[in-house]
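K.L.:
The structure follows.
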Amino acid sequence: MLNDKVAIITGGTRGIGLETARVFLENGAKVIIFGSRQETVDKALADLKQSGAEVEGYWPNLNDFAAVEKTIYEIAQKHERIDILVNNAGISANKKIEDTDPEEFASIIDLNVKAMFNVSKAVVPYMKKQGDGVILNTSSMVSIYGQPSGVGYPASKFAVNGLTKSLARELAPAHIRVNAVAPGITNTDMVAKLPKEMIDPLIQTIPLGRIGEPRDIANAFLFLASDLASYVTGEILSVDGAARA
Ligand code: NAD
């Protein structure tokens, strides 16, 4: 479904991003993963290369636009195009407002929103030049319902939806589609970090009766990245078993 497409996936070292890299590779894409550190990028690359896949990795500081721009330039020089960007890197929060420092709130917005803006801004000139492209963002079900604590996280994901819908309209004339996937609770390290008392009651409210697996989310990204979604843009696709947070 993605034969010879060049795809960049931020937060590609584990969880949803790593599984999306795997699914894209299985579908013929050339994949470039971004992570926060060389060590975790190398570990993910070793894992992905076991199947003989063509995959490489970088670890620019996503909050430093100049560093991001330089890395995207190197990738574009090497591959001559950038077909797909998956803005997936993200961190969550669960503390009450009284226990959250303003700096903690800012750091969530920095990675979940500002970094998404930075990487998108860096790839758009290449996509415009080649005449098409796909930008996909990882949102969350909390972008629709909010959550009872950790306000920075839903605030950031509401912003992701705004960025997605607005960029879709801005970039449609350049044949660049922009969509988001809004996962429900998904079986990754991010969820493993949350207290059991917070997760168990949530699972009980999921009509499909289970939490999501990274592959459930990766398959949604595959659809949105592919030509099967050629008339889909500005969409926030919920992949959450009909959960209500
Ligand atoms: P994860 O913690 O397993 O992976 C997070 C990824 O983000 C890692 O690859 C990590 O390298 C990267 N990352 C973290 N901090 C970074 C930084 N400062 N700079 C660059 N990269 C950084 O989490 P996950 O569950 O796979 O989450 C991926 C995305 O899915 C996030 O945007 C998250 O908000 C979203 N999401 C997750 C769930 C869930 O239940 N797991 C639900 C809804 C949305």
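Chain labels follow the order of the structure tokens: the first chain is A, the next B, and so on; residue numbering restarts at 1 in every chain, and ligands are counted from 1 in their shown order.
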If the limit is 6 Å from any atom of ligand 1, counting only C-alpha atoms and all ligand atoms, which residues qualify? Return them as a list of chain:residue names.

P.N.:
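Residues lying within 6 Å of ligand 1: A:Gly11, A:Gly12, A:Thr13, A:Arg14, A:Gly15, A:Ile16, A:Gly17, A:Gly35, A:Ser36, A:Leu62, A:Asn88, A:Ala89, A:Gly90, A:Ile91, A:Ser92, A:Thr138, A:Ser139, A:Ser140, A:Pro183, A:Gly184, A:Ile185, A:Thr186, A:Asn187, A:Thr188, A:Asp189, A:Met190, A:Val191.
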
K.L.:
Hey, what's within 7 Å of Leu237 in chain A if we count only C-alpha atoms and toss same-chain stuff fewer than 6 positions away? As a ChimeraX atom specification, please?

P.N.:
/A:180-182

K.L.:
Just the selected residues (all heavy atoms), exported as a compact mmCIF listing (two decimals), in the first residue's frame, please.

P.N.:
```
# COMPACT_ATOMS: atom_id res chain seq x y z
N ALA A 180 -5.53 13.15 11.56
CA ALA A 180 -5.03 12.65 12.86
C ALA A 180 -5.73 11.36 13.21
O ALA A 180 -6.85 11.11 12.77
CB ALA A 180 -5.28 13.69 13.95
N VAL A 181 -5.04 10.56 14.00
CA VAL A 181 -5.65 9.38 14.61
C VAL A 181 -5.78 9.68 16.10
O VAL A 181 -4.82 10.18 16.72
CB VAL A 181 -4.80 8.12 14.38
CG1 VAL A 181 -5.37 6.93 15.15
CG2 VAL A 181 -4.72 7.79 12.89
N ALA A 182 -6.95 9.41 16.67
CA ALA A 182 -7.17 9.64 18.11
C ALA A 182 -7.31 8.29 18.79
O ALA A 182 -8.41 7.73 18.88
CB ALA A 182 -8.42 10.50 18.31
```

K.L.:
Using CA of Glu19 in chain A and CA of Val178 in chain A as the two end points, give the distance in Å to one decimal.

P.N.:
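Computed distance, CA of Glu19 in chain A to CA of Val178 in chain A, equals 20.4 Å.
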
K.L.:
Restrict the calculation to only C-alpha atoms, then for each residue of range 113-175 of chain A with any atom at most 8 Å from an atom of range 76-86 of chain A give the closest atom pair and their distance in Å to one decimal, rows by chain and rising residue number, as CSV.

P.N.:
```
residue,atom,partner,partner_atom,distance
A:Ser120,CA,A:Leu85,CA,7.6
A:Val123,CA,A:Ile82,CA,7.2
A:Tyr126,CA,A:Ile82,CA,6.7
A:Met127,CA,A:Ile82,CA,6.5
A:Gln130,CA,A:Arg81,CA,7.1
A:Asp132,CA,A:Asp83,CA,7.3
A:Gly133,CA,A:Asp83,CA,4.9
A:Val134,CA,A:Ile84,CA,4.8
A:Ile135,CA,A:Leu85,CA,4.8
A:Leu136,CA,A:Val86,CA,4.7
A:Asn137,CA,A:Val86,CA,5.8
A:Thr138,CA,A:Val86,CA,7.6
```

K.L.:
Give me the residues near Arg37 in chain A as a list in words, where near means some atom within 10 Å (using only C-alpha atoms) and where sequence neighbours in that chain fewer than 5 positions away do not count.

P.N.:
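Residues near the query, excluding close chain neighbours: Thr13, Asp42, Tyr58, Trp59, Pro60 and Asn61 of chain A.
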
K.L.:
Can you write out the residues you just picked, keeping N, CA and C atoms, as a CSV table (one decimal), in the first residue's frame?

P.N.:
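Output file out_20.csv follows:
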```csv
chain,number,residue,atom,x,y,z
A,13,THR,N,10.6,5.1,18.2
A,13,THR,CA,11.4,4.1,18.9
A,13,THR,C,10.7,3.1,19.7
A,42,ASP,N,19.0,3.5,18.0
A,42,ASP,CA,19.7,2.3,17.6
A,42,ASP,C,19.0,1.0,18.0
A,58,TYR,N,17.2,9.2,13.2
A,58,TYR,CA,17.8,10.4,13.6
A,58,TYR,C,17.2,10.8,15.0
A,59,TRP,N,17.9,11.7,15.7
A,59,TRP,CA,17.4,12.1,17.0
A,59,TRP,C,17.6,13.6,17.1
A,60,PRO,N,17.0,14.4,16.2
A,60,PRO,CA,17.1,15.9,16.4
A,60,PRO,C,16.3,16.3,17.6
A,61,ASN,N,16.6,17.5,18.2
A,61,ASN,CA,15.8,18.0,19.3
A,61,ASN,C,14.6,18.7,18.6
```

K.L.:
For CA of Val124 in chain A and CA of Pro154 in chain A, quote the distance in Å rounded to one decimal.

P.N.:
26.1 Å

K.L.:
Nearest residue to Val160 in chain A out of A:Glu104, A:Arg177, A:Ile236, A:Pro214, using only C-alpha atoms?

P.N.:
A:Ile236

K.L.:
Show which residues sit within 12 Å of Met198 in chain A, as a list in words. Count only C-alpha atoms, and ignore same-chain residues fewer than 4 positions away.

P.N.:
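Once the adjacent positions are removed, what remains is Asn94, Lys95, Gln147, Pro148, Ser149, Gly150, Ile185, Val191, Ala192, Lys193, Leu194, Leu202, Ile203, Gln204 and Ala245 of chain A.
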
K.L.:
From a backbone DSSP assignment, name each residue in range 57-197 of chain A labelled helix (DSSP H, G or I), as a PyMOL selection string.

P.N.:
chain A and resi 65-79+97-99+102-130+142-145+152-174+189-192+196-197

K.L.:
Tell me which protein, DNA and RNA residues are within 10 Å of Phe223 in chain A, counting only C-alpha atoms, leaving out same-chain ones fewer than 5 positions away, and put them as an NGL selection string.

P.N.:
:A and (1-2 or 218 or 228-230)

K.L.:
List the spatial neighbours of Leu163 in chain A as number ranges by chain - criterion: any atom at most 10 Å away, only C-alpha atoms, same-chain residues fewer than 2 positions off excluded.

P.N.:
A: 113, 116-117, 137, 157-161, 165-168, 178-180, 234
